[in-house]
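File shown: data14.pdb (PDB, C-alpha atoms).
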```pdb
ATOM      1  CA  MET K   1     121.630  68.228  14.588
ATOM      2  CA  LEU K   2     118.857  68.560  17.153
ATOM      3  CA  ASN K   3     118.216  72.175  16.198
ATOM      4  CA  ASN K   4     116.094  71.081  13.227
ATOM      5  CA  ILE K   5     113.622  68.992  15.271
ATOM      6  CA  GLY K   6     110.378  70.868  15.633
ATOM      7  CA  LEU K   7     107.069  70.075  17.285
ATOM      8  CA  PRO K   8     105.993  67.571  14.575
ATOM      9  CA  GLY K   9     109.280  65.675  14.965
ATOM     10  CA  ILE K  10     108.955  65.504  18.734
ATOM     11  CA  LEU K  11     105.354  64.297  18.446
ATOM     12  CA  LEU K  12     106.399  61.611  15.950
ATOM     13  CA  ILE K  13     109.152  60.391  18.270
ATOM     14  CA  ALA K  14     106.714  60.337  21.223
ATOM     15  CA  VAL K  15     104.170  58.295  19.242
ATOM     16  CA  VAL K  16     106.815  55.793  18.114
ATOM     17  CA  VAL K  17     108.098  55.365  21.663
ATOM     18  CA  LEU K  18     104.547  54.942  22.950
ATOM     19  CA  VAL K  19     103.782  52.282  20.332
ATOM     20  CA  LEU K  20     107.035  50.389  20.964
ATOM     21  CA  PHE K  21     106.983  50.361  24.752
ATOM     22  CA  GLY K  22     103.348  50.863  25.715
ATOM     23  CA  ARG K  23     101.837  53.210  28.259
ATOM     24  CA  GLY K  24     102.518  50.991  31.294
ATOM     25  CA  LYS K  25     106.230  50.577  30.627
ATOM     26  CA  ILE K  26     106.766  54.285  30.004
ATOM     27  CA  SER K  27     104.859  55.111  33.191
ATOM     28  CA  SER K  28     107.030  52.794  35.263
ATOM     29  CA  LEU K  29     110.206  54.164  33.655
ATOM     30  CA  MET K  30     109.197  57.742  34.458
ATOM     31  CA  GLY K  31     108.453  56.690  38.037
ATOM     32  CA  GLU K  32     111.954  55.267  38.342
ATOM     33  CA  VAL K  33     113.448  58.450  36.866
ATOM     34  CA  GLY K  34     111.514  60.506  39.430
ATOM     35  CA  LYS K  35     112.785  58.325  42.282
ATOM     36  CA  GLY K  36     116.338  58.719  40.990
ATOM     37  CA  ILE K  37     116.062  62.504  40.832
ATOM     38  CA  THR K  38     114.594  62.603  44.339
ATOM     39  CA  SER K  39     117.392  60.466  45.774
ATOM     40  CA  PHE K  40     119.993  62.569  43.944
ATOM     41  CA  LYS K  41     118.618  65.783  45.469
ATOM     42  CA  LYS K  42     118.489  64.133  48.908
ATOM     43  CA  GLY K  43     122.114  63.052  48.555
ATOM     44  CA  ILE K  44     123.214  66.560  47.612
ATOM     45  CA  ASN K  45     121.350  68.077  50.577
ATOM     46  CA  ASP K  46     122.834  65.483  52.945
ATOM     47  CA  GLY K  47     126.332  66.235  51.624
ATOM     48  CA  GLN K  48     125.901  69.970  52.113
ATOM     49  CA  LYS K  49     124.574  69.453  55.642
ATOM     50  CA  GLU K  50     127.499  67.163  56.446
ATOM     51  CA  MET K  51     129.970  69.773  55.186
ATOM     52  CA  GLU K  52     128.324  72.490  57.299
ATOM     53  CA  ASP K  53     128.449  70.223  60.363
ATOM     54  CA  ASP K  54     132.130  69.480  59.729
ATOM     55  CA  MET K  55     132.914  73.194  59.378
ATOM     56  CA  ALA K  56     131.128  73.937  62.657
ATOM     57  CA  GLU K  57     133.019  71.111  64.335
ATOM     58  CA  VAL K  58     136.361  72.408  63.045
ATOM     59  CA  LYS K  59     135.566  75.911  64.329
ATOM     60  CA  ASP K  60     134.834  74.475  67.773
ATOM     61  CA  ILE K  61     138.092  72.513  67.899
ATOM     62  CA  THR K  62     140.711  75.164  67.115
ATOM     63  CA  PRO K  63     140.705  78.953  67.046
ATOM     64  CA  GLU K  64     143.049  78.924  64.036
ATOM     65  CA  ALA K  65     140.411  77.035  62.076
ATOM     66  CA  GLU K  66     138.338  80.207  61.832
ATOM     67  CA  ASP K  67     141.068  81.781  59.703
ATOM     68  CA  ILE K  68     141.167  78.711  57.469
ATOM     69  CA  VAL K  69     137.387  78.696  57.063
ATOM     70  CA  THR K  70     137.345  82.422  56.349
ATOM     71  CA  LYS K  71     140.005  81.999  53.642
ATOM     72  CA  SER K  72     138.150  79.083  52.030
ATOM     73  CA  GLU K  73     134.887  81.075  52.047
ATOM     74  CA  LYS K  74     136.680  83.961  50.307
ATOM     75  CA  ASP K  75     137.949  81.520  47.662
ATOM     76  CA  LYS K  76     134.345  80.523  46.845
ATOM     77  CA  VAL K  77     133.460  84.099  45.859
TER      78      VAL K  77
END
```
How does the structure come out when it is put into structure tokens?
Amino acid sequence: MLNNIGLPGILLIAVVVLVLFGRGKISSLMGEVGKGITSFKKGINDGQKEMEDDMAEVKDITPEAEDIVTKSEKDKV
């Protein structure tokens, strides 16, 4: 369905949206979208860092944990 939309169709949609909502409203919406994307990326990075910290903590606690971590890293590949 969306395969048939070309440049004129996209421009028409953009003009209609601009007329309906106005420049100020669209600008504020895009700002909110940008903030959401930024917080999403920050959350992903925090989660990865937390997982790495937990893995390091597990390695420090038990020697057997190294085997478990090695097996789980092999499963990722």
Note to self: For K:Val17, find every residue with an atom within 10 Å (counting only C-alpha atoms), except residues of its own chain fewer than 6 positions away, and show them as a PyMOL selection string.
What the structure shows: chain K and resi 11+23+26
Need the axis-aligned box for stretch 18-30 of chain K with 3 Å each side, so what are the centre and edges in Å to one decimal, as lines of an AutoDock Vina configuration file?
```
center_x = 106.0
center_y = 54.1
center_z = 27.8
size_x = 14.4
size_y = 13.4
size_z = 20.9
```
Checklist line | Point-to-point distance from atom CA of K:Lys49 to atom CA of K:Gly34, Å rounded to tenths | finding: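 Computing it gives 22.7 Å between the two atoms.
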Notebook entry, point to check: Separation of atom CA of K:Asp53 and atom CA of K:Lys41, in Å?
Noted result: 18.4 Å
Next item on the list: Could you jot down the atom CA of K:Leu20 to atom CA of K:Ile5 separation for me, Å, one decimal place?
Entry: 20.5 Å
